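The file data34.txt contains compact mmCIF, C-alpha atoms and all ligand atoms:
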# COMPACT_ATOMS: atom_id res chain seq x y z
CA MET A 1 97.60 105.38 125.88
CA SER A 2 98.23 108.39 128.05
CA GLU A 3 98.17 108.37 131.82
CA ASN A 4 94.50 108.29 132.74
CA ALA A 5 92.15 107.89 135.66
CA GLN A 6 92.55 104.11 135.57
CA ASP A 7 96.26 104.52 136.16
CA ARG A 8 96.20 105.64 139.74
CA PHE A 9 98.59 102.93 140.86
CA VAL A 10 99.82 103.22 144.40
CA GLY A 11 102.97 102.07 146.14
CA LEU A 12 105.01 101.32 143.01
CA ARG A 13 108.81 101.40 143.08
CA GLY A 14 109.42 100.44 139.45
CA GLU A 15 109.30 102.44 136.25
CA LEU A 16 105.96 103.04 134.53
CA LYS A 17 105.87 104.39 130.98
CA TYR A 18 103.28 104.96 128.27
CA ASP A 19 103.63 104.54 124.51
CA GLU A 20 107.09 103.12 124.96
CA PRO A 21 108.68 102.29 121.57
CA MET A 22 109.38 98.56 121.52
CA ALA A 23 112.13 99.14 118.95
CA ARG A 24 114.20 100.16 122.01
CA HIS A 25 113.63 96.77 123.60
CA THR A 26 114.03 94.23 120.79
CA THR A 27 117.28 92.98 119.30
CA TRP A 28 115.85 93.56 115.80
CA ARG A 29 115.48 97.24 116.80
CA VAL A 30 112.01 97.38 115.25
CA GLY A 31 108.52 97.50 116.74
CA GLY A 32 105.81 100.02 117.56
CA PRO A 33 104.86 101.31 121.02
CA ALA A 34 103.64 99.42 124.06
CA GLU A 35 100.51 101.09 125.46
CA ARG A 36 101.77 100.68 129.01
CA TYR A 37 105.22 99.47 130.01
CA TYR A 38 106.21 98.50 133.52
CA ALA A 39 109.71 97.67 134.68
CA PRO A 40 109.28 96.37 138.26
CA ALA A 41 111.90 97.09 140.91
CA ASP A 42 111.77 93.50 142.21
CA LEU A 43 109.39 90.59 142.72
CA ASP A 44 107.45 92.22 145.58
CA ASP A 45 106.96 95.34 143.49
CA LEU A 46 105.78 93.23 140.54
CA VAL A 47 103.16 91.61 142.78
CA VAL A 48 101.99 95.06 143.97
CA PHE A 49 101.64 96.20 140.35
CA LEU A 50 99.82 93.09 139.10
CA ARG A 51 97.32 93.20 141.98
CA GLN A 52 96.22 96.65 140.82
CA LEU A 53 95.83 95.81 137.14
CA PRO A 54 92.37 95.31 135.65
CA GLU A 55 91.56 91.59 135.45
CA HIS A 56 91.39 91.43 131.65
CA GLU A 57 94.35 93.66 130.89
CA PRO A 58 96.46 91.94 128.19
CA LEU A 59 99.98 91.29 129.45
CA PHE A 60 103.11 90.75 127.42
CA TRP A 61 106.21 89.45 129.20
CA LEU A 62 109.39 90.86 127.78
CA GLY A 63 112.78 89.34 128.48
CA LEU A 64 115.53 90.78 126.30
CA GLY A 65 113.39 90.89 123.16
CA SER A 66 115.77 88.58 121.29
CA ASN A 67 113.12 86.25 119.91
CA ILE A 68 110.23 88.57 119.06
CA LEU A 69 109.05 90.66 116.15
CA VAL A 70 106.75 93.39 117.47
CA ARG A 71 104.58 94.75 114.66
CA ASP A 72 104.77 98.45 113.78
CA GLY A 73 101.41 99.24 115.44
CA GLY A 74 102.83 98.07 118.78
CA LEU A 75 101.39 96.13 121.70
CA ARG A 76 98.04 96.62 123.41
CA GLY A 77 97.87 96.36 127.18
CA THR A 78 100.91 96.21 129.41
CA VAL A 79 104.44 95.01 128.78
CA ILE A 80 106.16 93.62 131.86
CA ALA A 81 109.87 94.30 131.46
CA TYR A 82 111.32 92.18 134.25
CA PHE A 83 114.91 91.89 132.98
CA GLY A 84 117.39 92.94 135.65
CA ALA A 85 114.73 92.93 138.37
CA LEU A 86 114.19 89.24 139.10
CA ASN A 87 117.90 88.58 139.20
CA ASP A 88 118.74 86.52 142.29
CA ILE A 89 121.03 83.58 141.76
CA SER A 90 122.33 81.11 144.33
CA HIS A 91 123.88 77.67 144.57
CA LEU A 92 121.80 75.76 147.10
CA GLY A 93 124.24 72.83 147.22
CA ASN A 94 124.50 69.47 145.41
CA GLY A 95 124.42 71.23 142.04
CA LEU A 96 121.01 72.81 142.58
CA VAL A 97 120.94 76.46 141.48
CA LYS A 98 118.01 78.84 141.99
CA VAL A 99 117.84 81.46 139.21
CA GLY A 100 115.63 84.49 138.76
CA ALA A 101 113.92 84.94 135.38
CA GLY A 102 115.48 88.38 134.96
CA LEU A 103 119.09 87.17 134.76
CA ALA A 104 120.85 87.09 131.42
CA SER A 105 121.21 83.46 130.30
CA ALA A 106 124.91 84.12 129.75
CA LYS A 107 125.29 85.18 133.38
CA VAL A 108 123.74 81.90 134.53
CA ALA A 109 126.23 79.98 132.33
CA ARG A 110 129.18 81.84 133.86
CA PHE A 111 127.88 81.64 137.45
CA CYS A 112 127.50 77.85 137.19
CA ALA A 113 130.91 77.40 135.57
CA LYS A 114 132.58 79.48 138.29
CA GLN A 115 130.86 77.35 140.96
CA GLY A 116 132.36 74.23 139.34
CA LEU A 117 128.98 73.14 138.02
CA VAL A 118 128.69 71.88 134.46
CA GLY A 119 125.84 71.52 131.98
CA ALA A 120 124.75 75.16 131.56
CA GLU A 121 127.63 76.30 129.31
CA PHE A 122 125.41 76.32 126.21
CA LEU A 123 123.42 79.20 127.75
CA CYS A 124 126.41 81.52 127.30
CA GLY A 125 125.62 82.42 123.69
CA ILE A 126 121.87 82.86 124.03
CA PRO A 127 121.34 86.61 124.24
CA GLY A 128 118.13 86.52 126.27
CA ALA A 129 116.84 86.47 129.83
CA MET A 130 116.34 83.21 131.75
CA GLY A 131 112.57 83.88 131.56
CA GLY A 132 112.80 83.90 127.77
CA ALA A 133 114.96 80.75 127.81
CA LEU A 134 112.33 79.00 129.96
CA ALA A 135 109.48 80.18 127.71
CA MET A 136 111.27 79.10 124.50
CA ASN A 137 113.19 76.04 125.77
CA ALA A 138 116.20 77.83 124.34
CA GLY A 139 119.05 75.58 123.35
CA ALA A 140 122.37 75.44 121.56
CA PHE A 141 125.24 73.06 120.89
CA GLY A 142 123.21 70.04 121.97
CA GLY A 143 121.91 71.50 125.25
CA GLU A 144 118.37 72.64 126.06
CA THR A 145 117.09 74.76 128.95
CA TRP A 146 114.48 72.30 130.18
CA GLU A 147 117.02 69.48 130.46
CA LEU A 148 118.30 71.44 133.46
CA VAL A 149 115.00 72.50 135.01
CA LYS A 150 113.89 70.79 138.23
CA LYS A 151 111.08 73.10 139.19
CA VAL A 152 109.80 76.56 138.24
CA GLU A 153 108.16 79.47 139.98
CA VAL A 154 105.39 81.25 138.09
CA ILE A 155 103.24 84.28 138.73
CA ARG A 156 99.62 84.72 137.75
CA HIS A 157 97.80 87.80 136.45
CA ASN A 158 96.57 88.57 139.98
CA GLY A 159 100.11 88.43 141.41
CA GLU A 160 99.76 84.97 142.97
CA LEU A 161 103.02 83.01 143.03
CA ILE A 162 103.11 79.23 142.65
CA GLN A 163 105.72 76.52 142.12
CA ARG A 164 105.32 73.90 139.42
CA GLN A 165 107.09 70.63 138.70
CA THR A 166 108.44 70.00 135.22
CA ASP A 167 105.89 67.26 134.47
CA ASN A 168 103.21 69.97 134.48
CA TYR A 169 104.66 71.19 131.15
CA LYS A 170 104.74 69.80 127.62
CA VAL A 171 108.27 70.53 126.50
CA ALA A 172 109.64 70.05 122.99
CA TYR A 173 112.19 71.60 120.64
CA ARG A 174 111.88 75.39 121.16
CA SER A 175 108.42 74.96 122.61
CA VAL A 176 106.98 74.89 126.12
CA GLU A 177 103.28 74.39 126.75
CA ALA A 178 102.10 75.56 130.17
CA PRO A 179 99.33 73.69 131.99
CA LEU A 180 97.26 76.88 132.24
CA PRO A 181 97.25 80.16 130.33
CA GLY A 182 98.05 83.34 132.24
CA GLU A 183 101.14 82.17 134.14
CA TRP A 184 104.64 83.56 133.64
CA PHE A 185 108.05 82.43 134.84
CA VAL A 186 109.71 84.38 137.62
CA GLY A 187 112.37 81.82 138.51
CA ALA A 188 113.58 78.24 138.27
CA TRP A 189 115.64 75.62 140.05
CA LEU A 190 118.30 74.15 137.78
CA GLN A 191 120.08 70.85 138.42
CA LEU A 192 123.71 70.88 137.29
CA ARG A 193 126.50 68.32 137.62
CA GLU A 194 129.62 68.82 139.71
CA GLY A 195 132.60 69.32 137.40
CA ASN A 196 135.72 71.28 136.64
CA SER A 197 135.32 75.05 136.74
CA GLU A 198 138.24 75.88 134.42
CA GLU A 199 137.13 73.38 131.80
CA ALA A 200 133.59 74.79 131.88
CA MET A 201 134.95 78.35 131.40
CA MET A 202 137.06 77.10 128.49
CA ARG A 203 134.00 75.51 126.87
CA ILE A 204 132.17 78.85 127.26
CA ARG A 205 134.97 80.74 125.51
CA ALA A 206 135.09 78.16 122.70
CA LEU A 207 131.30 78.28 122.17
CA LEU A 208 131.33 82.09 122.06
CA SER A 209 134.06 82.23 119.45
CA ARG A 210 132.24 79.66 117.27
CA ARG A 211 129.21 81.96 117.37
CA SER A 212 130.99 85.08 116.24
CA ASP A 213 132.46 83.08 113.33
CA THR A 214 129.06 81.94 112.07
CA GLN A 215 126.56 84.66 113.07
CA PRO A 216 126.06 88.27 111.94
CA THR A 217 126.89 89.76 115.33
CA GLN A 218 127.29 93.32 113.99
CA GLN A 219 123.73 93.80 112.67
CA PRO A 220 120.44 93.78 114.62
CA ASN A 221 118.77 90.35 114.35
CA ALA A 222 116.73 87.87 116.36
CA GLY A 223 118.78 84.73 115.89
CA SER A 224 117.31 81.84 113.94
CA VAL A 225 114.05 82.91 112.34
CA PHE A 226 112.81 79.37 111.61
CA ARG A 227 112.98 76.13 113.58
CA ASN A 228 115.04 73.39 112.03
CA PRO A 229 112.77 70.82 110.36
CA ALA A 230 113.28 67.22 111.52
CA GLY A 231 116.55 65.86 110.15
CA ASP A 232 117.51 69.04 108.30
CA TYR A 233 118.57 72.65 108.80
CA ALA A 234 116.44 75.67 107.92
CA ALA A 235 119.62 77.56 106.97
CA ARG A 236 120.63 74.86 104.45
CA LEU A 237 117.20 74.92 102.79
CA ILE A 238 117.13 78.74 102.63
CA GLU A 239 120.65 78.97 101.24
CA ALA A 240 119.87 76.32 98.60
CA CYS A 241 117.07 78.61 97.37
CA GLY A 242 119.63 81.36 96.71
CA LEU A 243 117.99 83.63 99.29
CA LYS A 244 121.14 84.82 101.10
CA GLY A 245 121.34 88.61 100.72
CA LYS A 246 117.73 88.97 99.48
CA CYS A 247 115.98 92.00 100.99
CA VAL A 248 112.58 93.55 101.55
CA GLY A 249 113.07 97.23 102.41
CA GLY A 250 115.73 97.40 105.12
CA ALA A 251 115.41 93.71 106.10
CA CYS A 252 117.79 91.23 104.47
CA VAL A 253 118.59 87.53 104.73
CA SER A 254 122.04 87.51 106.32
CA THR A 255 124.90 86.68 103.98
CA LYS A 256 126.67 85.03 106.94
CA HIS A 257 123.86 82.75 108.17
CA ALA A 258 120.84 82.09 105.94
CA ASN A 259 118.43 81.49 108.87
CA PHE A 260 119.10 84.99 110.22
CA ILE A 261 117.35 88.15 108.99
CA VAL A 262 119.21 91.38 109.70
CA ASN A 263 118.01 94.95 110.01
CA THR A 264 120.40 96.90 107.79
CA GLY A 265 119.42 100.16 109.48
CA ASN A 266 115.99 101.34 108.51
CA ALA A 267 113.85 98.19 108.41
CA SER A 268 110.25 98.27 109.60
CA SER A 269 108.59 95.27 111.26
CA LEU A 270 106.52 94.93 108.12
CA ASP A 271 109.71 94.60 106.02
CA VAL A 272 110.88 91.79 108.31
CA GLU A 273 107.50 90.06 108.32
CA LYS A 274 107.23 90.23 104.52
CA LEU A 275 110.73 88.82 104.13
CA ILE A 276 109.92 85.97 106.54
CA ALA A 277 106.84 85.13 104.43
CA LYS A 278 108.87 85.31 101.21
CA VAL A 279 111.54 82.96 102.56
CA ALA A 280 108.95 80.45 103.83
CA MET A 281 107.08 80.52 100.51
CA THR A 282 110.23 80.06 98.43
CA VAL A 283 111.43 77.12 100.56
CA LYS A 284 107.99 75.49 100.34
CA LYS A 285 107.96 75.88 96.55
CA LYS A 286 111.48 74.62 95.99
CA HIS A 287 111.86 71.92 98.68
CA GLY A 288 108.22 71.17 99.62
CA VAL A 289 109.15 71.84 103.27
CA GLU A 290 106.94 74.01 105.46
CA LEU A 291 109.29 76.03 107.67
CA LEU A 292 107.87 76.91 111.08
CA ARG A 293 108.83 80.20 112.67
CA GLU A 294 110.93 80.18 115.83
CA VAL A 295 110.61 83.95 116.37
CA GLN A 296 107.30 85.09 117.76
CA VAL A 297 105.39 87.75 115.84
CA VAL A 298 103.31 89.87 118.22
CA GLY A 299 101.31 93.10 118.27
CA VAL A 300 99.23 94.89 115.67
CA ASN A 301 99.97 96.38 112.26
CA ALA A 302 100.39 100.15 111.96
C1 LIG B 1 122.17 86.54 117.93
C2 LIG B 1 121.13 85.62 118.48
C3 LIG B 1 121.44 84.29 118.69
C4 LIG B 1 120.48 83.41 119.21
N1 LIG B 1 120.83 82.11 119.42
C5 LIG B 1 119.92 81.27 119.95
C6 LIG B 1 120.29 79.89 120.20
O1 LIG B 1 121.40 79.46 119.96
N2 LIG B 1 119.34 79.09 120.72
C7 LIG B 1 118.09 79.53 121.01
O2 LIG B 1 117.28 78.74 121.51
N3 LIG B 1 117.74 80.81 120.79
C8 LIG B 1 118.62 81.69 120.27
N4 LIG B 1 118.26 82.98 120.03
C9 LIG B 1 116.87 83.40 120.30
C10 LIG B 1 116.64 83.97 121.71
O3 LIG B 1 117.83 84.56 122.21
C11 LIG B 1 116.14 82.92 122.69
O4 LIG B 1 114.91 82.38 122.29
C12 LIG B 1 116.00 83.51 124.10
O5 LIG B 1 115.84 82.48 125.04
C13 LIG B 1 114.84 84.49 124.20
O6 LIG B 1 114.95 85.16 125.43
P1 LIG B 1 114.44 86.67 125.61
O7 LIG B 1 114.58 86.98 127.06
O8 LIG B 1 115.08 87.58 124.66
O9 LIG B 1 112.90 86.46 125.25
P2 LIG B 1 111.93 87.51 124.52
O10 LIG B 1 112.33 87.63 123.09
O11 LIG B 1 111.83 88.75 125.33
O12 LIG B 1 110.56 86.69 124.60
C14 LIG B 1 110.39 85.50 123.84
C15 LIG B 1 109.02 84.88 124.18
O13 LIG B 1 109.05 84.41 125.53
C16 LIG B 1 108.01 85.03 126.29
N5 LIG B 1 108.53 85.28 127.64
C17 LIG B 1 109.59 86.06 127.95
N6 LIG B 1 109.77 86.04 129.27
C18 LIG B 1 108.82 85.25 129.80
C19 LIG B 1 108.50 84.84 131.14
N7 LIG B 1 109.20 85.26 132.19
N8 LIG B 1 107.46 84.00 131.32
C20 LIG B 1 106.74 83.56 130.26
N9 LIG B 1 106.97 83.93 128.98
C21 LIG B 1 108.02 84.76 128.76
C22 LIG B 1 107.72 86.34 125.57
O14 LIG B 1 106.44 86.84 125.90
C23 LIG B 1 107.87 85.91 124.13
O15 LIG B 1 106.71 85.23 123.72
C24 LIG B 1 119.19 83.88 119.52
C25 LIG B 1 118.88 85.24 119.32
C26 LIG B 1 119.84 86.10 118.82
C27 LIG B 1 119.51 87.54 118.65
Would you write out, as structure tokens, the structure that this file holds?
Ligand SMILES: Cc1cc2nc3c(=O)[nH]c(=O)nc-3n(C[C@H](O)[C@H](O)[C@H](O)COP(=O)(O)OP(=O)(O)OC[C@H]3O[C@@H](n4cnc5c(N)ncnc54)[C@H](O)[C@@H]3O)c2cc1C
Amino acid sequence: MSENAQDRFVGLRGELKYDEPMARHTTWRVGGPAERYYAPADLDDLVVFLRQLPEHEPLFWLGLGSNILVRDGGLRGTVIAYFGALNDISHLGNGLVKVGAGLASAKVARFCAKQGLVGAEFLCGIPGAMGGALAMNAGAFGGETWELVKKVEVIRHNGELIQRQTDNYKVAYRSVEAPLPGEWFVGAWLQLREGNSEEAMMRIRALLSRRSDTQPTQQPNAGSVFRNPAGDYAARLIEACGLKGKCVGGACVSTKHANFIVNTGNASSLDVEKLIAKVAMTVKKKHGVELLREVQVVGVNA
């Protein structure tokens, strides 16, 4: 898409781009262009932008792109890149913390620990935005995002802001079902417990070092590709199939962690998608287990 008559937006303070390569905005470093890409300056600016968008414009909400595979043909419509914009954070007292969706999850973990609030340490190793953690019910080391959530703030396609209670959502392992389509998280209220700040910071350091021991931190990836099936681990099943190190083009099953696929430098999205299919098919054949993807595949083929 090039700038056209329809794009006479007024009063914007954010950054508007066209044909923006999504490979720049995903941790896999693959993905074709977004037709339109808007990085709002703040929440008010986001509302101004959304109010001027055509009603049926497809929207894609991008956090830090750490759980998505954008196909090589890119994304139609508009990507809303809110990371770093919706980034207020404050302790309201009694362990209640208001967080903006555009904060890094790790920053929320450290903020809470420094305030002497415990329960959010697991967020330290999740390399996404709070908006992405809310959308995915991100979790690690026994903790899950929605165990902390008291209330959320969402925005609609027309820029309307509303608050929702947690019982409006169907929340499960790595899955959050909203009551209505067309609403996106802009913030949340998290309930933490009062605790010891130094101990929480120590737990954060310990969790981070465990991660670098077990994950391929040096190569572009999107974390666990598949959800763990009930009572088992996707990585165990994949490794037992002898798939570690297997490649399609520039995409390879990590030799460090079998549930990770790494981009060895020149992978296309299609390479990654084909390898995901190959892994799922092999595990189904050998173990009879249907692995479900955790990463979200979006966009169109080239
Ligand atoms: C090295 C590595 C380790 C990881 N470890 C873990 C882990 O331990 N546990 C875990 O759960 N995940 C893990 N992940 C996956 C990923 O980091 C999480 O799912 C994270 O919460 C995604 O956040 P994001 O901001 O990157 O989301 P994105 O990848 O940008 O988006 C993910 C999905 O959420 C939607 N979304 C994003 N923002 C919003 C919003 N504001 N409102 C509504 N929908 C939105 C997107 O449209 C997309 O569908 C890991 C990833 C990597 C690369």
Within 6 Å of file point (123.0, 78.6, 130.0), counting only C-alpha atoms, expressed as a PyMOL selection string: chain A and resi 105-106+108-109+120-124
Of the candidates A:Ala39, A:Leu69, A:Val99, A:Met202, which one gets nearest to ligand LIG 1 (chain B) if we count all atoms listed in the file?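 For ligand LIG 1 (chain B), the nearest of the given residues is A:Leu69.
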With distances taken over only C-alpha atoms and all ligand atoms, which residue among A:Pro21, A:Pro33, A:Gly119, A:Gly182 lies nearest ligand LIG 1 (chain B)? A:Gly182
Just checking: using only C-alpha atoms, which residue out of A:Ala267, A:Leu117, A:Val272, A:Val186 ends up closest to Glu199 in chain A? A:Leu117
Restrict the calculation to all atoms listed in the file, then for each residue of range 158-243 of chain A with any atom at most 12 Å from an atom of range 81-89 of chain A give the closest atom pair and their distance in Å to one decimal, rows by chain and rising residue number, as CSV.
residue,atom,partner,partner_atom,distance
A:Trp184,CA,A:Tyr82,CA,10.9
A:Phe185,CA,A:Leu86,CA,10.1
A:Val186,CA,A:Leu86,CA,6.8
A:Gly187,CA,A:Leu86,CA,7.7
A:Ala188,CA,A:Ile89,CA,9.8
A:Trp189,CA,A:Ile89,CA,9.8
A:Leu190,CA,A:Ile89,CA,10.6
Test item: residues at most 12 Å from range 224-237 of chain A, all atoms listed in the file, excluding those fewer than 6 positions along its chain, as JSON, numbers by chain: {"A": [28, 66, 67, 68, 69, 126, 136, 138, 139, 140, 172, 173, 174, 175, 214, 215, 216, 243, 244, 253, 254, 255, 256, 257, 258, 259, 260, 261, 262, 272, 273, 275, 276, 277, 279, 280, 281, 282, 283, 284, 285, 286, 287, 288, 289, 290, 291, 292, 293, 294, 295, 296, 297]}
Between A:Val10, A:Ala133, A:Val152, A:Val118, which one has atoms that come closest to Met201 in chain A, using only C-alpha atoms? A:Val118
Kindly indicate which residue among A:Gly31, A:Gly63, A:Pro54, A:Gly77 lies nearest to Gly131 in chain A, using only C-alpha atoms for the distances.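 Residue with the minimum atom-to-atom distance to Gly131 in chain A: A:Gly63.
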For ligand LIG 1 (chain B), what centre and edge lengths in Å (one decimal) does the axis-aligned box get once 4 Å is added on each side of all its listed atoms, as lines of an AutoDock Vina configuration file?
center_x = 114.3
center_y = 83.7
center_z = 125.1
size_x = 23.7
size_y = 18.0
size_z = 22.3
Choose the residue, out of A:Lys274, A:His25, A:Arg76, A:Arg203, that has the smallest atom-to-atom separation from ligand LIG 1 (chain B); count all atoms listed in the file.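 Looking only at the distances to ligand LIG 1 (chain B), the closest residue turns out to be A:His25.
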Atom-to-atom span, CA of Pro40 in chain A and CA of Gly100 in chain A, Å: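 Separation between CA of Pro40 in chain A and CA of Gly100 in chain A: 13.5 Å.
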In Å, how far is it from CA of Val149 in chain A to CA of Gly125 in chain A? 18.4 Å
In Å to one decimal, how far is CA of Glu35 in chain A from CA of Thr78 in chain A? 6.3 Å
Give as number ranges by chain each residue that has an atom at most 8 Å from (110.9, 73.9, 130.4) in the file, counting only C-alpha atoms. A: 134-137, 145-147, 149, 166, 169-171, 176
Can you pull out the residues contacting Gln115 in chain A? Cut-off 10 Å, using all atoms listed in the file, and skip same-chain residues under 5 positions away; I want them as a list in words. Ser90, His91, Gly95, Val97, Arg110, Glu194, Gly195, Asn196, Ser197, Glu198 and Ala200 of chain A
Might you pull out every residue within 7 Å of Phe60 in chain A, with only C-alpha atoms counted and same-chain residues fewer than 2 positions away left off, and present them as a list in words?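 Final neighbour list, sorted by chain and number: Pro58, Leu62, Thr78, Val79 and Ile80 of chain A.
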